[in-house]
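Notes to accompany the following structure.
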Amino acid sequence: MSLDTRGTNAMKAAVFAQAGREDMEFVQDQIAQALRAFESVSEVYSLDAIAENYRGKLVYKPGAKLSSLYHLRILAFALGWRNQPNYDMMISAIKRLIDLSPIPSINVRCKSQLISPASFAMHDFSPEMDSMSAGEWMMWFHRMELLARTGLVNKVPELKQQVDTLQGLLDSNDGWFTKKLNYDYFRRWSSYTGLMLEMTGNHPGGGCTT
């Protein structure tokens, strides 16, 4: 299987998986790539192993990669990948992402151009929930919904603890979420909350968006 450096197939596969059409060959290919992307996370013990400085910004080293939002979206809605070996791998990968958190923004370098990959909501798998901003809550809800759909939350103690924290907030306020979240995500649709797709999905180091 060739690596999809542009990410367009990953974005399309995420939509088809959500529509229940993971039987299509290109979706199956992207499911396999998503699993490989998460598997690669288990081998990252330090961000220095995958990122380097370029003109004051972090960029992926050639050949390095990290799981993206679209990898998570694909696995959240696809079902056929769910078996014990894959779950064991995903648990290991999520725990490593927790250990690496907070993950700074890392760009893809294409010659002298820097391209931002689809890392929305994928920077911090271990947030300080008692001090999260409205924007951080927005990304937490988005990320946790996808993780819950994979069936991983109750298998990773750190994720379950985060959900328990939310449940505690609700229980203490008669089931109401009372934090004032003054963020557009909670009030209207926008380009980054469902109506526009980023143009980079997979992001191997050194790859280019054309």
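Residues are referred to by chain and number: the chain letter is A, B, ... according to the order shown in the structure tokens, the number counts from 1 in that chain, and ligands are numbered separately from 1 in the order shown.
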Exercise: Ser133 (chain A) partners within 8 Å, only C-alpha atoms, chain neighbours under 3 positions left out, as a VMD selection string
chain A and resid 136 to 137 181
Can you pull out every residue within 12 Å of Asp99 (chain A), counting only C-alpha atoms, but drop anything in the same chain fewer than 6 positions away, and send it as a ChimeraX atom specification?
/A:41-42,44-47,92-93,123-127,158
Keeping only N, CA, C and O atoms, write the selected residues as a compact mmCIF listing (two decimals), in the first residue's frame.
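As a result, part-v6.txt now contains:
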# COMPACT_ATOMS: atom_id res chain seq x y z
N VAL A 41 3.14 5.26 16.82
CA VAL A 41 3.21 6.08 18.02
C VAL A 41 3.87 5.31 19.16
O VAL A 41 4.62 5.88 19.97
N SER A 42 3.62 4.01 19.22
CA SER A 42 4.17 3.19 20.31
C SER A 42 5.69 3.17 20.30
O SER A 42 6.32 2.84 21.31
N VAL A 44 7.52 5.87 19.63
CA VAL A 44 8.02 7.22 19.88
C VAL A 44 8.15 7.42 21.39
O VAL A 44 7.16 7.54 22.10
N TYR A 45 9.37 7.47 21.88
CA TYR A 45 9.61 7.65 23.31
C TYR A 45 9.93 9.10 23.65
O TYR A 45 9.89 9.50 24.81
N SER A 46 10.22 9.88 22.63
CA SER A 46 10.51 11.29 22.81
C SER A 46 10.18 12.03 21.52
O SER A 46 10.39 11.49 20.42
N LEU A 47 9.69 13.26 21.65
CA LEU A 47 9.38 14.03 20.45
C LEU A 47 10.64 14.34 19.66
O LEU A 47 10.57 14.60 18.45
N SER A 92 -1.85 0.76 23.78
CA SER A 92 -0.45 1.15 23.93
C SER A 92 -0.19 2.51 23.29
O SER A 92 0.52 3.35 23.86
N ALA A 93 -0.77 2.73 22.11
CA ALA A 93 -0.57 4.00 21.40
C ALA A 93 -1.19 5.17 22.15
O ALA A 93 -0.57 6.23 22.29
N HIS A 123 -3.44 17.32 20.42
CA HIS A 123 -2.23 17.80 21.08
C HIS A 123 -2.11 17.39 22.54
O HIS A 123 -1.00 17.26 23.05
N ASP A 124 -3.22 17.20 23.21
CA ASP A 124 -3.14 16.96 24.66
C ASP A 124 -4.13 15.89 25.08
O ASP A 124 -5.32 16.16 25.24
N PHE A 125 -3.62 14.68 25.29
CA PHE A 125 -4.45 13.56 25.73
C PHE A 125 -4.49 13.45 27.25
O PHE A 125 -5.10 12.53 27.78
N SER A 126 -3.84 14.39 27.93
CA SER A 126 -3.84 14.37 29.39
C SER A 126 -3.96 15.79 29.92
O SER A 126 -3.05 16.31 30.58
N PRO A 127 -5.09 16.45 29.66
CA PRO A 127 -5.25 17.85 30.05
C PRO A 127 -5.53 18.02 31.54
O PRO A 127 -6.00 17.10 32.20
N GLU A 158 -6.51 6.34 32.23
CA GLU A 158 -6.40 7.79 32.19
C GLU A 158 -7.58 8.43 31.48
O GLU A 158 -8.04 9.51 31.87
Shell of 12 Å around Lys179 (chain A), only C-alpha atoms, local chain residues under 4 positions omitted, as a PyMOL selection string:
chain A and resi 129-134+137-138+166+169-170+173+183+186
For all heavy atoms, I'd like the residues from the last selection saved as a short mmCIF file (atom, residue, chain, number, x, y, z; two decimals), in the first residue's frame.
data_model
loop_
_atom_site.label_atom_id
_atom_site.label_comp_id
_atom_site.auth_asym_id
_atom_site.auth_seq_id
_atom_site.Cartn_x
_atom_site.Cartn_y
_atom_site.Cartn_z
N MET A 129 -7.98 19.16 33.68
CA MET A 129 -9.39 19.44 33.43
C MET A 129 -9.97 20.52 34.34
O MET A 129 -10.96 21.15 34.00
CB MET A 129 -10.21 18.15 33.53
CG MET A 129 -9.85 17.14 32.46
SD MET A 129 -10.91 15.68 32.48
CE MET A 129 -12.48 16.37 31.96
N ASP A 130 -9.34 20.73 35.50
CA ASP A 130 -9.87 21.75 36.40
C ASP A 130 -9.51 23.16 35.97
O ASP A 130 -10.02 24.14 36.54
CB ASP A 130 -9.38 21.51 37.83
CG ASP A 130 -7.85 21.52 37.94
OD1 ASP A 130 -7.18 21.45 36.89
OD2 ASP A 130 -7.34 21.59 39.06
N SER A 131 -8.66 23.30 34.97
CA SER A 131 -8.26 24.64 34.52
C SER A 131 -8.34 24.80 33.01
O SER A 131 -7.71 25.69 32.45
CB SER A 131 -6.83 24.94 35.00
OG SER A 131 -5.90 23.99 34.48
N MET A 132 -9.12 23.95 32.33
CA MET A 132 -9.20 24.04 30.88
C MET A 132 -9.98 25.27 30.44
O MET A 132 -10.99 25.63 31.03
CB MET A 132 -9.86 22.78 30.30
CG MET A 132 -8.97 21.55 30.34
SD MET A 132 -9.48 20.24 29.21
CE MET A 132 -11.13 19.89 29.77
N SER A 133 -9.49 25.88 29.37
CA SER A 133 -10.19 27.02 28.76
C SER A 133 -11.35 26.51 27.93
O SER A 133 -11.51 25.30 27.71
CB SER A 133 -9.23 27.81 27.88
OG SER A 133 -8.83 27.02 26.76
N ALA A 134 -12.17 27.43 27.42
CA ALA A 134 -13.29 27.04 26.57
C ALA A 134 -12.80 26.30 25.33
O ALA A 134 -13.38 25.30 24.91
CB ALA A 134 -14.09 28.27 26.18
N TRP A 137 -11.80 22.76 26.31
CA TRP A 137 -12.98 21.93 26.49
C TRP A 137 -13.55 21.52 25.14
O TRP A 137 -13.98 20.38 24.95
CB TRP A 137 -14.05 22.67 27.30
CG TRP A 137 -13.92 22.50 28.78
CD1 TRP A 137 -13.51 23.43 29.69
CD2 TRP A 137 -14.20 21.30 29.53
NE1 TRP A 137 -13.51 22.91 30.95
CE2 TRP A 137 -13.93 21.61 30.90
CE3 TRP A 137 -14.64 20.03 29.21
CZ2 TRP A 137 -14.11 20.66 31.91
CZ3 TRP A 137 -14.81 19.09 30.22
CH2 TRP A 137 -14.54 19.40 31.55
N MET A 138 -13.56 22.45 24.20
CA MET A 138 -14.07 22.14 22.86
C MET A 138 -13.30 20.98 22.25
O MET A 138 -13.88 20.02 21.74
CB MET A 138 -13.95 23.39 21.98
CG MET A 138 -14.27 23.17 20.51
SD MET A 138 -12.82 22.77 19.50
CE MET A 138 -11.91 24.31 19.57
N LEU A 166 -15.71 14.50 34.29
CA LEU A 166 -16.88 15.15 33.69
C LEU A 166 -18.15 14.71 34.39
O LEU A 166 -19.03 15.55 34.70
CB LEU A 166 -16.97 14.82 32.20
CG LEU A 166 -18.25 15.32 31.50
CD1 LEU A 166 -18.33 16.85 31.52
CD2 LEU A 166 -18.31 14.80 30.06
N LEU A 169 -18.60 16.56 37.57
CA LEU A 169 -19.09 17.92 37.36
C LEU A 169 -20.60 17.92 37.14
O LEU A 169 -21.31 18.78 37.66
CB LEU A 169 -18.39 18.55 36.15
CG LEU A 169 -16.91 18.92 36.33
CD1 LEU A 169 -16.32 19.37 35.00
CD2 LEU A 169 -16.75 20.01 37.38
N LEU A 170 -21.08 16.96 36.36
CA LEU A 170 -22.51 16.88 36.10
C LEU A 170 -23.27 16.50 37.36
O LEU A 170 -24.33 17.08 37.66
CB LEU A 170 -22.77 15.86 34.99
CG LEU A 170 -22.17 16.18 33.61
CD1 LEU A 170 -22.42 15.02 32.65
CD2 LEU A 170 -22.76 17.46 33.04
N ASN A 173 -23.98 19.25 39.81
CA ASN A 173 -24.85 20.34 39.36
C ASN A 173 -26.16 19.81 38.77
O ASN A 173 -26.67 20.33 37.78
CB ASN A 173 -24.12 21.21 38.32
CG ASN A 173 -22.96 21.98 38.90
OD1 ASN A 173 -23.15 22.99 39.58
ND2 ASN A 173 -21.74 21.50 38.66
N TYR A 183 -17.30 30.00 23.45
CA TYR A 183 -16.52 29.61 22.27
C TYR A 183 -17.49 29.29 21.15
O TYR A 183 -18.51 28.64 21.37
CB TYR A 183 -15.64 28.39 22.60
CG TYR A 183 -14.50 28.19 21.64
CD1 TYR A 183 -13.26 28.79 21.85
CD2 TYR A 183 -14.67 27.40 20.50
CE1 TYR A 183 -12.21 28.60 20.97
CE2 TYR A 183 -13.63 27.21 19.61
CZ TYR A 183 -12.39 27.81 19.84
OH TYR A 183 -11.36 27.63 18.96
N PHE A 186 -19.46 25.94 20.47
CA PHE A 186 -20.64 25.57 21.23
C PHE A 186 -21.89 26.33 20.80
O PHE A 186 -22.98 26.08 21.32
CB PHE A 186 -20.40 25.82 22.73
CG PHE A 186 -19.25 25.02 23.28
CD1 PHE A 186 -18.04 25.64 23.58
CD2 PHE A 186 -19.36 23.65 23.50
CE1 PHE A 186 -16.97 24.92 24.09
CE2 PHE A 186 -18.31 22.92 24.01
CZ PHE A 186 -17.11 23.56 24.30
#
Determine which residues of region 82-153 of chain A receive a DSSP assignment of strand (DSSP E or B), computed from the backbone, and state them as a list in words.
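After running DSSP on the backbone, region 82-153 of chain A has strand (DSSP E or B) at Asn107, Val108, Arg109, Cys110, Gln113, Leu114 and Ile115 of chain A.
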Each residue of region 80-192 of chain A with at least one atom at most 8 Å from region 50-69 of chain A should appear once, together with its nearest atom pair and the corresponding distance in Å (one decimal); atoms considered: only C-alpha atoms; ordering: chain, then increasing residue number; output as a tab-separated table.
residue	atom	partner	partner_atom	distance
A:Ser105	CA	A:Leu58	CA	7.1
A:Ile106	CA	A:Leu58	CA	5.0
A:Asn107	CA	A:Val59	CA	4.5
A:Val108	CA	A:Val59	CA	5.5
A:Arg109	CA	A:Val59	CA	6.1
A:Leu114	CA	A:Val59	CA	7.8
A:Pro117	CA	A:Ser68	CA	7.5
A:Ala118	CA	A:Ser68	CA	5.7
A:Ser119	CA	A:Ser68	CA	5.4
A:Phe120	CA	A:Leu69	CA	6.4
A:Ala121	CA	A:Leu69	CA	7.2
A:Met122	CA	A:Leu69	CA	6.5
Take the residues from that selection and write them out as a short mmCIF file (atom, residue, chain, number, x, y, z; two decimals), in the first residue's frame, keeping N, CA, C and O atoms.
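Below is the file again_12.cif, written as the result:
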data_model
loop_
_atom_site.label_atom_id
_atom_site.label_comp_id
_atom_site.auth_asym_id
_atom_site.auth_seq_id
_atom_site.Cartn_x
_atom_site.Cartn_y
_atom_site.Cartn_z
N SER A 105 2.80 21.87 18.38
CA SER A 105 2.50 21.88 16.95
C SER A 105 3.77 21.49 16.18
O SER A 105 4.84 22.06 16.40
N ILE A 106 3.63 20.52 15.30
CA ILE A 106 4.75 20.08 14.48
C ILE A 106 4.30 20.18 13.02
O ILE A 106 3.26 19.63 12.65
N ASN A 107 5.06 20.86 12.21
CA ASN A 107 4.71 21.07 10.81
C ASN A 107 5.37 20.05 9.91
O ASN A 107 6.37 19.42 10.27
N VAL A 108 4.81 19.91 8.73
CA VAL A 108 5.45 19.14 7.66
C VAL A 108 6.24 20.11 6.80
O VAL A 108 5.73 21.17 6.42
N ARG A 109 7.47 19.81 6.53
CA ARG A 109 8.31 20.66 5.70
C ARG A 109 8.33 20.15 4.27
O ARG A 109 8.65 18.99 4.01
N LEU A 114 6.24 25.34 5.08
CA LEU A 114 5.76 24.61 6.24
C LEU A 114 4.26 24.41 6.13
O LEU A 114 3.51 25.36 5.87
N PRO A 117 -0.31 19.92 9.62
CA PRO A 117 -1.09 18.69 9.45
C PRO A 117 -2.40 18.74 10.23
O PRO A 117 -2.66 19.69 10.97
N ALA A 118 -3.20 17.71 10.05
CA ALA A 118 -4.51 17.65 10.71
C ALA A 118 -4.35 17.19 12.14
O ALA A 118 -4.68 16.06 12.50
N SER A 119 -3.85 18.09 12.98
CA SER A 119 -3.58 17.74 14.37
C SER A 119 -4.58 18.37 15.34
O SER A 119 -4.38 18.30 16.55
N PHE A 120 -5.64 18.95 14.81
CA PHE A 120 -6.67 19.54 15.66
C PHE A 120 -7.15 18.53 16.71
O PHE A 120 -7.45 17.38 16.38
N ALA A 121 -7.19 18.94 17.96
CA ALA A 121 -7.68 18.13 19.08
C ALA A 121 -6.77 16.95 19.41
O ALA A 121 -7.14 16.11 20.23
N MET A 122 -5.59 16.89 18.81
CA MET A 122 -4.70 15.75 19.02
C MET A 122 -3.43 16.15 19.79
O MET A 122 -2.47 15.39 19.82
#
Run DSSP on the backbone of this structure and report the residues of chain A it assigns to alpha helix (DSSP H), as a PyMOL selection string.
chain A and resi 8-18+25-41+69-77+84-100+134-150+157-171
For Ile31 (chain A), please output as a list in words all residues within 8 Å (counting only C-alpha atoms; exclusion window: fewer than 4 positions along the same chain).
Val27, Leu35, His71, Ile74, Leu75, Ala78 and Trp81 of chain A
I need the chosen residues saved as an mmCIF file, in the first residue's frame, with N, CA, C and O atoms.
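New file again37.cif:
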data_model
loop_
_atom_site.group_PDB
_atom_site.id
_atom_site.type_symbol
_atom_site.label_atom_id
_atom_site.label_comp_id
_atom_site.auth_asym_id
_atom_site.auth_seq_id
_atom_site.Cartn_x
_atom_site.Cartn_y
_atom_site.Cartn_z
ATOM 1 N N VAL A 27 -11.412 2.574 1.544
ATOM 2 C CA VAL A 27 -11.623 2.766 2.978
ATOM 3 C C VAL A 27 -10.835 1.712 3.755
ATOM 4 O O VAL A 27 -10.209 2.017 4.772
ATOM 5 N N LEU A 35 -4.268 2.357 11.328
ATOM 6 C CA LEU A 35 -3.718 1.441 12.333
ATOM 7 C C LEU A 35 -2.196 1.522 12.349
ATOM 8 O O LEU A 35 -1.576 1.517 13.421
ATOM 9 N N HIS A 71 -7.016 9.835 11.147
ATOM 10 C CA HIS A 71 -6.801 8.440 11.543
ATOM 11 C C HIS A 71 -7.778 8.069 12.655
ATOM 12 O O HIS A 71 -8.390 6.992 12.627
ATOM 13 N N ILE A 74 -11.421 7.839 11.310
ATOM 14 C CA ILE A 74 -11.657 6.607 10.553
ATOM 15 C C ILE A 74 -11.910 5.437 11.506
ATOM 16 O O ILE A 74 -12.883 4.682 11.349
ATOM 17 N N LEU A 75 -11.053 5.281 12.492
ATOM 18 C CA LEU A 75 -11.189 4.154 13.415
ATOM 19 C C LEU A 75 -12.395 4.304 14.331
ATOM 20 O O LEU A 75 -12.953 3.314 14.804
ATOM 21 N N ALA A 78 -15.263 3.043 11.862
ATOM 22 C CA ALA A 78 -15.102 1.724 11.244
ATOM 23 C C ALA A 78 -15.193 0.641 12.313
ATOM 24 O O ALA A 78 -14.874 0.873 13.478
ATOM 25 N N TRP A 81 -11.876 -3.407 12.089
ATOM 26 C CA TRP A 81 -10.528 -3.500 12.642
ATOM 27 C C TRP A 81 -10.521 -3.973 14.089
ATOM 28 O O TRP A 81 -9.453 -4.278 14.637
#
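From CA of Phe141 (chain A) back to CA of Asp174 (chain A), the distance works out to 19.8 Å.
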Of the candidates A:Ala17, A:Gln162, A:Ala49, A:Lys180, which shows the shortest atom-to-atom distance to Ile98 (chain A), using only C-alpha atoms?
A:Gln162
Any idea what's packed within 10 Å of Phe16 (chain A), counting only C-alpha atoms, ignoring anything in its chain fewer than 3 positions away? Could you give it as number ranges by chain?
A: 10-13, 19-24, 26-27, 74, 77-78
The selected residues should be written to file as a CSV table (one decimal), in the first residue's frame (atoms: all heavy atoms).
chain,number,residue,atom,x,y,z
A,10,ALA,N,-7.7,9.9,3.2
A,10,ALA,CA,-8.0,9.7,4.6
A,10,ALA,C,-9.3,10.5,4.9
A,10,ALA,O,-10.1,10.0,5.6
A,10,ALA,CB,-6.8,10.2,5.5
A,11,MET,N,-9.4,11.7,4.4
A,11,MET,CA,-10.5,12.6,4.7
A,11,MET,C,-11.8,11.9,4.1
A,11,MET,O,-12.8,11.8,4.7
A,11,MET,CB,-10.3,14.0,4.1
A,11,MET,CG,-9.3,14.8,4.9
A,11,MET,SD,-9.1,16.5,4.3
A,11,MET,CE,-8.3,16.2,2.7
A,12,LYS,N,-11.7,11.5,2.8
A,12,LYS,CA,-12.8,10.8,2.2
A,12,LYS,C,-13.2,9.5,2.9
A,12,LYS,O,-14.4,9.2,3.1
A,12,LYS,CB,-12.5,10.5,0.7
A,12,LYS,CG,-13.6,10.0,-0.1
A,12,LYS,CD,-13.3,10.0,-1.6
A,12,LYS,CE,-12.2,9.0,-1.9
A,12,LYS,NZ,-12.0,8.8,-3.4
A,13,ALA,N,-12.2,8.8,3.3
A,13,ALA,CA,-12.5,7.5,4.0
A,13,ALA,C,-13.2,7.7,5.3
A,13,ALA,O,-14.0,6.9,5.7
A,13,ALA,CB,-11.2,6.7,4.2
A,19,ALA,N,-20.5,6.9,7.2
A,19,ALA,CA,-21.7,6.5,6.5
A,19,ALA,C,-21.9,5.0,6.4
A,19,ALA,O,-22.9,4.5,5.8
A,19,ALA,CB,-21.7,7.1,5.0
A,20,GLY,N,-21.0,4.3,7.1
A,20,GLY,CA,-21.2,2.8,7.1
A,20,GLY,C,-20.7,2.1,5.9
A,20,GLY,O,-21.1,0.9,5.7
A,21,ARG,N,-19.8,2.7,5.1
A,21,ARG,CA,-19.3,2.0,3.9
A,21,ARG,C,-17.8,1.7,4.0
A,21,ARG,O,-17.0,2.0,3.1
A,21,ARG,CB,-19.6,3.0,2.7
A,21,ARG,CG,-21.0,3.1,2.3
A,21,ARG,CD,-21.7,1.8,2.1
A,21,ARG,NE,-21.0,0.9,1.2
A,21,ARG,CZ,-21.2,0.9,-0.2
A,21,ARG,NH1,-22.0,1.8,-0.7
A,21,ARG,NH2,-20.5,0.1,-0.9
A,22,GLU,N,-17.5,1.1,5.1
A,22,GLU,CA,-16.1,0.7,5.2
A,22,GLU,C,-15.7,-0.5,4.4
A,22,GLU,O,-14.5,-0.9,4.3
A,22,GLU,CB,-15.7,0.4,6.7
A,22,GLU,CG,-16.5,-0.8,7.3
A,22,GLU,CD,-16.1,-1.1,8.7
A,22,GLU,OE1,-15.0,-1.7,8.9
A,22,GLU,OE2,-16.8,-0.6,9.6
A,23,ASP,N,-16.7,-1.1,3.7
A,23,ASP,CA,-16.4,-2.2,2.8
A,23,ASP,C,-15.7,-1.8,1.6
A,23,ASP,O,-15.1,-2.7,0.9
A,23,ASP,CB,-17.8,-2.9,2.5
A,23,ASP,CG,-18.7,-1.9,1.8
A,23,ASP,OD1,-19.0,-0.9,2.4
A,23,ASP,OD2,-19.2,-2.2,0.6
A,24,MET,N,-15.7,-0.6,1.2
A,24,MET,CA,-15.0,-0.1,0.0
A,24,MET,C,-13.5,-0.2,0.1
A,24,MET,O,-12.9,0.0,1.2
A,24,MET,CB,-15.4,1.3,-0.3
A,24,MET,CG,-17.0,1.5,-0.5
A,24,MET,SD,-17.4,3.1,-1.0
A,24,MET,CE,-16.9,3.0,-2.8
A,26,PHE,N,-10.9,1.5,-0.9
A,26,PHE,CA,-10.1,2.6,-0.5
A,26,PHE,C,-10.2,2.9,1.0
A,26,PHE,O,-9.3,3.3,1.6
A,26,PHE,CB,-10.3,3.8,-1.4
A,26,PHE,CG,-11.5,4.7,-0.9
A,26,PHE,CD1,-11.3,5.7,0.0
A,26,PHE,CD2,-12.8,4.3,-1.3
A,26,PHE,CE1,-12.3,6.5,0.4
A,26,PHE,CE2,-13.8,5.1,-0.9
A,26,PHE,CZ,-13.6,6.2,0.0
A,27,VAL,N,-11.4,2.6,1.5
A,27,VAL,CA,-11.6,2.8,3.0
A,27,VAL,C,-10.8,1.7,3.8
A,27,VAL,O,-10.2,2.0,4.8
A,27,VAL,CB,-13.1,2.7,3.3
A,27,VAL,CG1,-13.3,2.9,4.8
A,27,VAL,CG2,-13.9,3.8,2.6
A,74,ILE,N,-11.4,7.8,11.3
A,74,ILE,CA,-11.7,6.6,10.6
A,74,ILE,C,-11.9,5.4,11.5
A,74,ILE,O,-12.9,4.7,11.3
A,74,ILE,CB,-10.5,6.3,9.6
A,74,ILE,CG1,-10.4,7.3,8.5
A,74,ILE,CG2,-10.5,4.9,9.1
A,74,ILE,CD1,-9.1,7.3,7.7
A,77,PHE,N,-15.3,5.3,13.5
A,77,PHE,CA,-16.6,4.9,12.8
A,77,PHE,C,-16.5,3.5,12.1
A,77,PHE,O,-17.5,2.9,11.8
A,77,PHE,CB,-17.0,6.0,11.8
A,77,PHE,CG,-17.5,7.2,12.5
A,77,PHE,CD1,-16.6,8.3,12.6
A,77,PHE,CD2,-18.7,7.3,13.1
A,77,PHE,CE1,-17.0,9.5,13.3
A,77,PHE,CE2,-19.1,8.5,13.8
A,77,PHE,CZ,-18.3,9.5,13.9
A,78,ALA,N,-15.3,3.0,11.9
A,78,ALA,CA,-15.1,1.7,11.2
A,78,ALA,C,-15.2,0.6,12.3
A,78,ALA,O,-14.9,0.9,13.5
A,78,ALA,CB,-13.8,1.6,10.5
For Arg36 (chain A), which residue among A:Leu79, A:Leu152, A:Met90, A:Cys110 is the nearest when counting only C-alpha atoms?
A:Met90
Determine, counting only C-alpha atoms, which protein, DNA and RNA residues have an atom within 9 Å of an atom of Leu72 (chain A); residues of the same chain fewer than 6 positions away are not included. Present the result as a PDB file with C-alpha atoms, in the first residue's frame.
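That gives us part12.pdb:
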ATOM      1  CA  ALA A  14     -13.478   9.129   7.300  1.00  0.00           C
ATOM      2  CA  ALA A  34      -4.665   4.532  10.331  1.00  0.00           C
ATOM      3  CA  PHE A  38      -1.147   4.602  15.648  1.00  0.00           C
ATOM      4  CA  ARG A 143     -11.485  14.041  20.929  1.00  0.00           C
ATOM      5  CA  LEU A 146     -14.110   9.827  18.894  1.00  0.00           C
ATOM      6  CA  LEU A 147     -12.167   7.846  21.492  1.00  0.00           C
ATOM      7  CA  THR A 150     -13.530   3.327  19.262  1.00  0.00           C
TER       8      THR A 150
END
